[in-house]
Amino acid sequence: MEDVLDEIVSSDDLQKFEKVFHEQLHQGKVSHKAQFEYAWCLVRSKYPTDIRKGILLLKELCNSHPEGKRDYLFYLAIGNARIREYNKALHYVKSFLEIEPANQQVLALERQINKRMEKEGLIGIAVAGGAMLALGGIVGLGVALAKKK
């Protein structure tokens, strides 16, 4: 499942689906399929701005095309996880699981998101601890220097 969160869309695919989307947009009517395929590429981009744009397109589809909601929720979870919006990603996972509780792919995605949250939480704690040690060292040095005077 980690492959899904780390998968990067090829620039050829992104350009191909972007072209179709913008041609239909210019004509005034974008099909659900074209919007989904473009959003699907965007959430797999290496650029957070693209991912956010894909998330917006998927949210719009979720509201306007309930028949595809299952797929939209899945990729909304992936997109949010890729930009480290883990709580939102888990919200979409839970919404998907309300529709299909035993979906193994989504359950695996949920485990992967939780692992990333835990890993990044531990890293955050380590960084904060290191900053506190550095600050303590500076304060200690200041106190020692003040006592010498």
# chains A, B, ... in the order shown; residues from 1 in each chain; ligands from 1
>>> residues_around(residues="stretch 60-62 of chain A", least_positions_apart="3", cutoff="10 Å", atoms="only C-alpha atoms", output="NGL selection string")
:A and (32-33 or 35-36 or 39 or 54-57 or 65-73 or 76)
>>> residues_around(residues="A:Glu18", least_positions_apart="6", cutoff="10 Å", atoms="only C-alpha atoms", output="PyMOL selection string")
chain A and resi 12+24+34-35+37-39+41-42
>>> write_last_selection(atoms="all heavy atoms", output="PDB file, in the first residue's frame")
ATOM      1  N   ASP A  12       3.883  12.699 -18.757  1.00  0.00           N
ATOM      2  CA  ASP A  12       3.101  12.430 -19.970  1.00  0.00           C
ATOM      3  C   ASP A  12       1.627  12.198 -19.636  1.00  0.00           C
ATOM      4  O   ASP A  12       0.738  12.741 -20.289  1.00  0.00           O
ATOM      5  CB  ASP A  12       3.651  11.208 -20.712  1.00  0.00           C
ATOM      6  CG  ASP A  12       5.006  11.468 -21.354  1.00  0.00           C
ATOM      7  OD1 ASP A  12       5.368  12.650 -21.534  1.00  0.00           O
ATOM      8  OD2 ASP A  12       5.693  10.479 -21.677  1.00  0.00           O
ATOM      9  N   GLN A  24     -12.358  20.134 -22.573  1.00  0.00           N
ATOM     10  CA  GLN A  24     -13.770  20.039 -22.205  1.00  0.00           C
ATOM     11  C   GLN A  24     -14.212  21.268 -21.420  1.00  0.00           C
ATOM     12  O   GLN A  24     -15.331  21.747 -21.602  1.00  0.00           O
ATOM     13  CB  GLN A  24     -14.027  18.757 -21.400  1.00  0.00           C
ATOM     14  CG  GLN A  24     -13.926  17.510 -22.237  1.00  0.00           C
ATOM     15  CD  GLN A  24     -14.324  16.259 -21.479  1.00  0.00           C
ATOM     16  OE1 GLN A  24     -14.904  16.308 -20.395  1.00  0.00           O
ATOM     17  NE2 GLN A  24     -14.006  15.108 -22.053  1.00  0.00           N
ATOM     18  N   ALA A  34     -13.468  12.727 -17.301  1.00  0.00           N
ATOM     19  CA  ALA A  34     -12.320  13.603 -17.564  1.00  0.00           C
ATOM     20  C   ALA A  34     -11.858  14.293 -16.284  1.00  0.00           C
ATOM     21  O   ALA A  34     -10.654  14.406 -16.022  1.00  0.00           O
ATOM     22  CB  ALA A  34     -12.666  14.636 -18.626  1.00  0.00           C
ATOM     23  N   GLN A  35     -12.812  14.748 -15.476  1.00  0.00           N
ATOM     24  CA  GLN A  35     -12.457  15.424 -14.230  1.00  0.00           C
ATOM     25  C   GLN A  35     -11.791  14.436 -13.264  1.00  0.00           C
ATOM     26  O   GLN A  35     -10.800  14.770 -12.621  1.00  0.00           O
ATOM     27  CB  GLN A  35     -13.696  16.047 -13.575  1.00  0.00           C
ATOM     28  CG  GLN A  35     -13.360  16.861 -12.349  1.00  0.00           C
ATOM     29  CD  GLN A  35     -14.524  17.717 -11.875  1.00  0.00           C
ATOM     30  OE1 GLN A  35     -15.452  18.009 -12.627  1.00  0.00           O
ATOM     31  NE2 GLN A  35     -14.469  18.128 -10.625  1.00  0.00           N
ATOM     32  N   GLU A  37     -10.152  11.597 -14.023  1.00  0.00           N
ATOM     33  CA  GLU A  37      -8.824  11.189 -14.512  1.00  0.00           C
ATOM     34  C   GLU A  37      -7.786  12.276 -14.283  1.00  0.00           C
ATOM     35  O   GLU A  37      -6.647  11.992 -13.914  1.00  0.00           O
ATOM     36  CB  GLU A  37      -8.900  10.795 -15.985  1.00  0.00           C
ATOM     37  CG  GLU A  37      -9.625   9.477 -16.192  1.00  0.00           C
ATOM     38  CD  GLU A  37      -9.883   9.141 -17.640  1.00  0.00           C
ATOM     39  OE1 GLU A  37      -9.886  10.061 -18.500  1.00  0.00           O
ATOM     40  OE2 GLU A  37     -10.109   7.946 -17.921  1.00  0.00           O
ATOM     41  N   TYR A  38      -8.167  13.528 -14.466  1.00  0.00           N
ATOM     42  CA  TYR A  38      -7.254  14.641 -14.218  1.00  0.00           C
ATOM     43  C   TYR A  38      -6.954  14.753 -12.725  1.00  0.00           C
ATOM     44  O   TYR A  38      -5.793  14.873 -12.315  1.00  0.00           O
ATOM     45  CB  TYR A  38      -7.856  15.933 -14.774  1.00  0.00           C
ATOM     46  CG  TYR A  38      -6.978  17.154 -14.632  1.00  0.00           C
ATOM     47  CD1 TYR A  38      -5.607  17.099 -14.890  1.00  0.00           C
ATOM     48  CD2 TYR A  38      -7.526  18.373 -14.242  1.00  0.00           C
ATOM     49  CE1 TYR A  38      -4.817  18.235 -14.762  1.00  0.00           C
ATOM     50  CE2 TYR A  38      -6.738  19.511 -14.119  1.00  0.00           C
ATOM     51  CZ  TYR A  38      -5.387  19.431 -14.375  1.00  0.00           C
ATOM     52  OH  TYR A  38      -4.597  20.555 -14.240  1.00  0.00           O
ATOM     53  N   ALA A  39      -7.981  14.660 -11.894  1.00  0.00           N
ATOM     54  CA  ALA A  39      -7.792  14.722 -10.436  1.00  0.00           C
ATOM     55  C   ALA A  39      -6.937  13.554  -9.960  1.00  0.00           C
ATOM     56  O   ALA A  39      -6.069  13.713  -9.095  1.00  0.00           O
ATOM     57  CB  ALA A  39      -9.145  14.704  -9.731  1.00  0.00           C
ATOM     58  N   CYS A  41      -4.621  12.041 -11.564  1.00  0.00           N
ATOM     59  CA  CYS A  41      -3.219  12.366 -11.878  1.00  0.00           C
ATOM     60  C   CYS A  41      -2.678  13.417 -10.911  1.00  0.00           C
ATOM     61  O   CYS A  41      -1.557  13.300 -10.423  1.00  0.00           O
ATOM     62  CB  CYS A  41      -3.091  12.874 -13.313  1.00  0.00           C
ATOM     63  SG  CYS A  41      -3.251  11.600 -14.561  1.00  0.00           S
ATOM     64  N   LEU A  42      -3.468  14.437 -10.649  1.00  0.00           N
ATOM     65  CA  LEU A  42      -3.008  15.527  -9.789  1.00  0.00           C
ATOM     66  C   LEU A  42      -2.669  15.051  -8.383  1.00  0.00           C
ATOM     67  O   LEU A  42      -1.657  15.487  -7.819  1.00  0.00           O
ATOM     68  CB  LEU A  42      -4.055  16.644  -9.727  1.00  0.00           C
ATOM     69  CG  LEU A  42      -4.206  17.483 -10.995  1.00  0.00           C
ATOM     70  CD1 LEU A  42      -5.456  18.348 -10.909  1.00  0.00           C
ATOM     71  CD2 LEU A  42      -2.969  18.333 -11.231  1.00  0.00           C
TER      72      LEU A  42
END
>>> atom_distance(atom1="atom CA of A:Tyr92", atom2="atom CA of A:Ala77")
5.2 Å
>>> closest_residue(among="A:Phe17, A:Trp40, A:Tyr86, A:Phe96", to="A:Phe74", atoms="only C-alpha atoms")
A:Phe96
>>> closest_residue(among="A:Gln112, A:Thr49, A:Asn63, A:Gln104", to="A:Ile78", atoms="only C-alpha atoms")
A:Gln112
>>> atom_distance(atom1="atom CA of A:Arg52", atom2="atom CA of A:Ala102")
28.2 Å
>>> closest_residue(among="A:Ala146, A:Leu25, A:Leu90, A:Val43", to="A:Ile113", atoms="only C-alpha atoms")
A:Leu90
>>> select_by_dssp(residues="stretch 22-110 of chain A", states="alpha helix (DSSP H)", output="JSON, numbers by chain")
{"A": [22, 23, 24, 25, 26, 27, 32, 33, 34, 35, 36, 37, 38, 39, 40, 41, 42, 48, 49, 50, 51, 52, 53, 54, 55, 56, 57, 58, 59, 60, 61, 62, 63, 64, 69, 70, 71, 72, 73, 74, 75, 76, 77, 78, 79, 80, 81, 82, 86, 87, 88, 89, 90, 91, 92, 93, 94, 95, 96, 97, 98, 99, 104, 105, 106, 107, 108, 109, 110]}
>>> closest_residue(among="A:Leu109, A:Leu97, A:Ile51, A:Leu58", to="A:Arg82", atoms="only C-alpha atoms")
A:Ile51
>>> residues_around(residues="A:Val9", least_positions_apart="2", cutoff="8 Å", atoms="only C-alpha atoms", output="ChimeraX atom specification")
/A:7,11,13-14,41-42,44-46
